[in-house]
Structure formats: C-alpha cells, structure tokens
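Visitor: I am attaching a structure below and will ask some questions about it afterwards.
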Amino acid sequence: MLEVLFKPGVERRTRTPLLFVHGAWHGAWCWDRGFLDFFAQRGWDSYALSLRNHGGSEDRGSLRWIRHHTFVADIASVANDFEAPPVMIGHSMGGYLVQKYMEKNELTGAVLMGSVPVSGTLGASRRFARRHPLRFLKLLATMSLWPVVATPALAREYLLAADTPDAAVIEIHEMLQDESYLTYLDMMGLALPKPGRTEAPVMVCAGSDDALFTVREAEKTAAAYGVAAQIFEGLPHDIMLDPNWDTAARSIARWLEDVT
C-alpha cells in the first residue's frame with residue numbers, strides 16, 4: 001500500500017486535483033508542513049504520496065534496485081483514481097519522475113520545483129564529488145545515496161538554508177532516508193527526460209540558493225519546455241521546508257489559476 005496524504009479543497013474550485021511528488025530521501029511528510037494546507041485552503045483537492053519504500057508506504061523489495069519506471073507506476077496508480085487528470089508538483093527526484101510520467105500520460109499541468117534538470121544529475125554528481133570526494137567514493141562503493149545527506153551538516157549544506165536553526169535541521173534530518181541507486185543511475189543518464197513528448201503546460205521554478213542543482217540548470221530545463229524559469233531569491237533546495245516556503249507557494253498558486 002502507498003501512503004497518500006489528502007487535504008480536501010475548501011469550497012472546491014475545480015475538478016482538477018493536485019498531486020505532490022516528493023524527491024530523493026523524502027516522503028509525503030515534506031509537503032505536510034505548509035504546502036498541502038495552503039493549496040487546500042485555496043480550493044484545490046491536494047494529495048501527496050510516498051513512493052514505495054518511502055515514508056509510510058510499504059517496502060516492496062530492495063530500495064537500492066528500484067528503477068524509475070517503478071516509481072512512475074506508483075504515481076500512476078494514484079493518479080488513475082482521480083476523476084480528472086491532475087496537476088503534478090514534483091520536487092527534485094519527484095520532478096524527474098513527473099517528467100517521465102508526462103512522456104506517456106496525460107496531465108493538466110506540471111510544476112517542476114528544484115527538479116532534476118533535463119540534463120540529469122551528472123552535473124550535481126560532479127560538484128558533490130569535487131567537494132566531498134571520499135563521500136562520493138562511499139556512495140559508489142555502497143551503491144547508496146545516503147552519504148550525500150548522512151549528517152545534519154550535510155542536510156543543511158545540500159537541502160536547507162545556511163541559517164536554518166540547528167533544532168530544525170536535526171528534526172528534518174531524522175526524517176530523511178536512503179534512496180534508490182538504480183534510479184540515481186537513471187537520472188544520471190540512463191533515462192533522461194524527453195521534454196518533446198508532452199503538451200501539458202509546465203512551470204519550472206527553483207531557489208537561487210539551491211546547492212544541488214544550479215539556476216543555470218533550471219533555466220535550461222525551462223527552455224526545453226518553452227517557458228521561463230521562476231527563481232525564488234534566497235530559497236534552498238528544499239523549498240517546501242524553508243520558513244519562506246509560501247513565497248513559492250503563492251507563485252505556484254497564481255500559475256495554477258490559469259491552468260486549472
């Protein structure tokens with residue numbers, strides 16, 4: 001069974017639901033600290049799933065060997081129950097999975113937030129290897145993505161703002177988990193997104209202080225979908241966990257008003 005969090009839209013404004021897809025190391029919990037309530041209060045039925053072997057979803061086999069298409073199937077199993085094609089909001093790896101979902105499935109729209117870029121994770125991997133060479137070697141040797149976020153200090157460095165209070169960093173770090181190594185290889189280059197295969201409207205947004213993916217990568221991803229990237233000044237990779245998350249949420253809501 002997959003964990004699915006649901007917040008019904010207040011004075012429901014549209015049949016189009018929102019489905020939030022978390023990124024690597026996270027689960028549905030990351031959307032339940034502001035985003036789900038924010039969009040439900042504005043009339044959208046808002047759902048967030050935990051992919052298999054994440055959050056409160058059941059484990060099915062070894063996380064290490066799960067390919068991206070299996071996670072995409074998890075997303076489809078939730079989306080297929082909706083009465084109308086959803087808008088999907090995907091963060092980081094979730095943005096990558098939403099891009100892969102769009103290649104073969106209908107969507108009302110997609111928001112790629114701090115997403116794996118169309119060029120994949122090779123650039124991010126190189127930057128991490130230069131900064132933390134021993135940790136990168138451990139990542140390869142153990143076939144585990146945990147070395148990237150293994151300590152609260154690393155979680156702060158790559159996911160959160162530099163001034164995040166220590167207690168908040170520790171609390172969030174305790175919620176993180178390992179990630180699929182095979183999906184990492186897919187994102188590295190085995191199965192890059194194919195933007196030309198979707199006609200759904202796409203919003204690409206990112207934080208200016210994202211330490212995993214660069215603003216330039218976000219801009220190239222946006223260009224591949226024929227749009228301009230929206231960059232939120234001062235926000236880190238984990239936009240939805242930042243105290244100023246509502247800056248991004250308001251911008252996404254304005255975009256959704258035109259799409260739904």
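The chains in the structure tokens are called A, B, ... from first to last as shown; in each chain the residues are counted from 1, and the ligands are counted from 1 in the order shown.
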Taking only range 82-123 of chain A into account, list the residues labelled strand (DSSP E) by DSSP (computed from the backbone), as a list of chain:residue names.

Guide: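 The residues of range 82-123 of chain A classed as strand (DSSP E) are A:Val87, A:Met88, A:Ile89, A:Gly90, A:His91, A:Gly109, A:Ala110, A:Val111, A:Leu112, A:Met113.
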
Visitor: Keeping only N, CA and C atoms, write those residues as a CSV table (one decimal), in the first residue's frame.

Guide:
```csv
chain,number,residue,atom,x,y,z
A,87,VAL,N,-2.8,18.1,-11.8
A,87,VAL,CA,-1.6,18.9,-11.9
A,87,VAL,C,-0.6,18.2,-11.0
A,88,MET,N,0.6,17.9,-11.4
A,88,MET,CA,1.6,17.3,-10.5
A,88,MET,C,2.6,18.3,-10.2
A,89,ILE,N,3.0,18.4,-8.9
A,89,ILE,CA,4.0,19.2,-8.4
A,89,ILE,C,5.1,18.3,-7.9
A,90,GLY,N,6.2,18.3,-8.7
A,90,GLY,CA,7.3,17.4,-8.3
A,90,GLY,C,8.6,18.1,-7.9
A,91,HIS,N,9.1,17.7,-6.8
A,91,HIS,CA,10.3,18.3,-6.2
A,91,HIS,C,11.5,17.4,-6.4
A,109,GLY,N,-1.3,19.8,-16.0
A,109,GLY,CA,-0.1,20.6,-15.9
A,109,GLY,C,0.9,20.0,-15.0
A,110,ALA,N,2.1,20.6,-15.0
A,110,ALA,CA,3.2,20.1,-14.1
A,110,ALA,C,4.0,21.2,-13.6
A,111,VAL,N,4.3,21.2,-12.3
A,111,VAL,CA,5.3,22.1,-11.7
A,111,VAL,C,6.5,21.4,-11.3
A,112,LEU,N,7.7,21.8,-11.9
A,112,LEU,CA,8.9,21.2,-11.6
A,112,LEU,C,9.7,22.1,-10.7
A,113,MET,N,9.8,21.7,-9.4
A,113,MET,CA,10.3,22.6,-8.4
A,113,MET,C,11.6,22.1,-7.8
```

Visitor: Could you give me, as a list in words, the residues within 6 Å of range 236-242 of chain A, counting only C-alpha atoms and dropping anything in the same chain fewer than 3 positions from it?

Guide: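 Those residues are Gly114, Leu159, Leu160, Ala161, Gly207, Asp209, Asp210 and Trp245 of chain A.
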
Visitor: Which neighbours of Ala249 in chain A fall inside 10 Å, counting only C-alpha atoms, when residues of the same chain fewer than 3 positions from it are skipped, and could you give them as a list in words?

Guide: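 Those residues are Gly34, Phe35, Leu36, Phe38, Phe39, Ile239, Met240, Asn244, Trp245, Asp246, Ile252, Ala253, Arg254 and Trp255 of chain A.
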
Visitor: Would you write out those residues with C-alpha atoms, as a PDB file, in the first residue's frame?

Guide:
```
ATOM      1  CA  GLY A  34       2.538  24.022   4.761  1.00  0.00           C
ATOM      2  CA  PHE A  35       2.042  23.216   1.098  1.00  0.00           C
ATOM      3  CA  LEU A  36      -0.920  20.823   1.370  1.00  0.00           C
ATOM      4  CA  PHE A  38      -2.008  26.198   1.624  1.00  0.00           C
ATOM      5  CA  PHE A  39      -3.428  24.817  -1.620  1.00  0.00           C
ATOM      6  CA  ILE A 239      11.798  24.980  -0.827  1.00  0.00           C
ATOM      7  CA  MET A 240       8.785  23.397   0.898  1.00  0.00           C
ATOM      8  CA  ASN A 244       9.720  31.265   3.451  1.00  0.00           C
ATOM      9  CA  TRP A 245       8.085  28.397   1.536  1.00  0.00           C
ATOM     10  CA  ASP A 246       4.951  30.491   0.985  1.00  0.00           C
ATOM     11  CA  ILE A 252       2.615  28.389  -7.987  1.00  0.00           C
ATOM     12  CA  ALA A 253      -0.971  29.233  -6.995  1.00  0.00           C
ATOM     13  CA  ARG A 254      -1.049  32.138  -9.445  1.00  0.00           C
ATOM     14  CA  TRP A 255       0.152  29.812 -12.210  1.00  0.00           C
TER      15      TRP A 255
END
```

Visitor: Determine, counting only C-alpha atoms, which protein, DNA and RNA residues have an atom within 6 Å of an atom of Cys205 in chain A; residues of the same chain fewer than 6 positions away are not included. Present the result as a ChimeraX atom specification.

Guide: /A:113,229-231

Visitor: Considering only C-alpha atoms, state which residue in the set A:Arg15, A:Arg52, A:Pro85, A:Phe232 is at the smallest distance from Thr70 in chain A.

Guide: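 The closest residue to Thr70 in chain A is A:Arg52.
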
Visitor: Would you please work out which residue, of A:Asp178, A:Glu3, A:Thr214, A:Glu171, is nearest to Leu63 in chain A when using only C-alpha atoms?

Guide: A:Asp178

Visitor: Write out as a list in words the residues lying within 12 Å of Leu107 in chain A, counting only C-alpha atoms and excluding same-chain residues fewer than 4 positions away.

Guide: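 Residues meeting the cut-off are Thr16, Pro17, Leu18, Leu19, Ala76, Ala79, Asn80, Phe82, Ala84, Pro85, Pro86, Val87, Met88, Ile89, Val98, Gln99, Lys100, Tyr101, Met102, Glu103, Val111, Thr198, Glu199, Ala200, Pro201, Val202, Val259 and Thr260 of chain A.
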
Visitor: Measuring between only C-alpha atoms, which one of A:Ala224, A:Ser92, A:Met203, A:Val21 shows the shortest distance to Ala248 in chain A?

Guide: A:Met203

Visitor: Counting only C-alpha atoms, what is within 7 Å of Leu51 in chain A, bar same-chain residues fewer than 4 positions away, as JSON, numbers by chain?

Guide: {"A": [2, 57, 71, 74]}

Visitor: Calculated over only C-alpha atoms, which of the candidates A:Ala40, A:Ala150, A:Met93, A:Leu145 has the smallest distance to Glu11 in chain A?

Guide: A:Ala40

Visitor: Excluding Trp65 in chain A and residues on its chain fewer than 3 positions from it, collect all residues at most 10 Å away from it, counting only C-alpha atoms, and give them as number ranges by chain.

Guide: A: 61-62, 68, 143, 179-183

Visitor: Just list the residues in range 41-153 of chain A DSSP gives alpha helix (DSSP H) on the backbone, as a PyMOL selection string.

Guide: chain A and resi 41+68-79+93-102+122-131+133-142+152-153

Visitor: Write the residues of the preceding selection, restricted to C-alpha atoms, as a PDB file, in the first residue's frame.

Guide:
```pdb
ATOM      1  CA  GLN A  41      -7.384  26.406   1.620  1.00  0.00           C
ATOM      2  CA  HIS A  68      12.475   4.985 -12.109  1.00  0.00           C
ATOM      3  CA  HIS A  69       9.638   3.368 -14.077  1.00  0.00           C
ATOM      4  CA  THR A  70       8.531   1.511 -10.946  1.00  0.00           C
ATOM      5  CA  PHE A  71       8.196   4.802  -9.092  1.00  0.00           C
ATOM      6  CA  VAL A  72       6.331   6.242 -12.090  1.00  0.00           C
ATOM      7  CA  ALA A  73       3.932   3.307 -11.820  1.00  0.00           C
ATOM      8  CA  ASP A  74       3.335   4.229  -8.177  1.00  0.00           C
ATOM      9  CA  ILE A  75       2.425   7.754  -9.260  1.00  0.00           C
ATOM     10  CA  ALA A  76       0.115   6.411 -11.962  1.00  0.00           C
ATOM     11  CA  SER A  77      -1.646   4.112  -9.501  1.00  0.00           C
ATOM     12  CA  VAL A  78      -2.685   7.198  -7.511  1.00  0.00           C
ATOM     13  CA  ALA A  79      -3.420   9.463 -10.481  1.00  0.00           C
ATOM     14  CA  MET A  93      13.737  13.490  -7.986  1.00  0.00           C
ATOM     15  CA  GLY A  94       9.968  13.907  -7.907  1.00  0.00           C
ATOM     16  CA  GLY A  95      10.318  16.481 -10.682  1.00  0.00           C
ATOM     17  CA  TYR A  96      12.259  13.945 -12.704  1.00  0.00           C
ATOM     18  CA  LEU A  97       9.556  11.323 -12.146  1.00  0.00           C
ATOM     19  CA  VAL A  98       6.843  13.780 -13.177  1.00  0.00           C
ATOM     20  CA  GLN A  99       8.771  14.474 -16.385  1.00  0.00           C
ATOM     21  CA  LYS A 100       8.958  10.748 -17.107  1.00  0.00           C
ATOM     22  CA  TYR A 101       5.249  10.346 -16.289  1.00  0.00           C
ATOM     23  CA  MET A 102       4.360  13.110 -18.764  1.00  0.00           C
ATOM     24  CA  LEU A 122      25.703  14.322 -13.768  1.00  0.00           C
ATOM     25  CA  GLY A 123      26.491  17.965 -13.012  1.00  0.00           C
ATOM     26  CA  ALA A 124      25.302  17.649  -9.413  1.00  0.00           C
ATOM     27  CA  SER A 125      27.315  14.440  -9.013  1.00  0.00           C
ATOM     28  CA  ARG A 126      30.474  16.104 -10.271  1.00  0.00           C
ATOM     29  CA  ARG A 127      30.008  19.047  -7.908  1.00  0.00           C
ATOM     30  CA  PHE A 128      29.448  16.722  -4.953  1.00  0.00           C
ATOM     31  CA  ALA A 129      32.482  14.615  -5.888  1.00  0.00           C
ATOM     32  CA  ARG A 130      34.729  17.681  -6.011  1.00  0.00           C
ATOM     33  CA  ARG A 131      33.501  18.946  -2.649  1.00  0.00           C
ATOM     34  CA  PRO A 133      35.429  13.097  -2.772  1.00  0.00           C
ATOM     35  CA  LEU A 134      35.539  10.451  -0.035  1.00  0.00           C
ATOM     36  CA  ARG A 135      31.804  10.556   0.450  1.00  0.00           C
ATOM     37  CA  PHE A 136      31.269  10.229  -3.286  1.00  0.00           C
ATOM     38  CA  LEU A 137      33.531   7.171  -3.352  1.00  0.00           C
ATOM     39  CA  LYS A 138      31.491   5.723  -0.484  1.00  0.00           C
ATOM     40  CA  LEU A 139      28.310   6.413  -2.470  1.00  0.00           C
ATOM     41  CA  LEU A 140      29.694   4.397  -5.375  1.00  0.00           C
ATOM     42  CA  ALA A 141      31.165   1.626  -3.214  1.00  0.00           C
ATOM     43  CA  THR A 142      27.997   1.075  -1.195  1.00  0.00           C
ATOM     44  CA  PRO A 152      22.739  17.080   9.827  1.00  0.00           C
ATOM     45  CA  ALA A 153      25.569  19.259   8.499  1.00  0.00           C
TER      46      ALA A 153
END
```
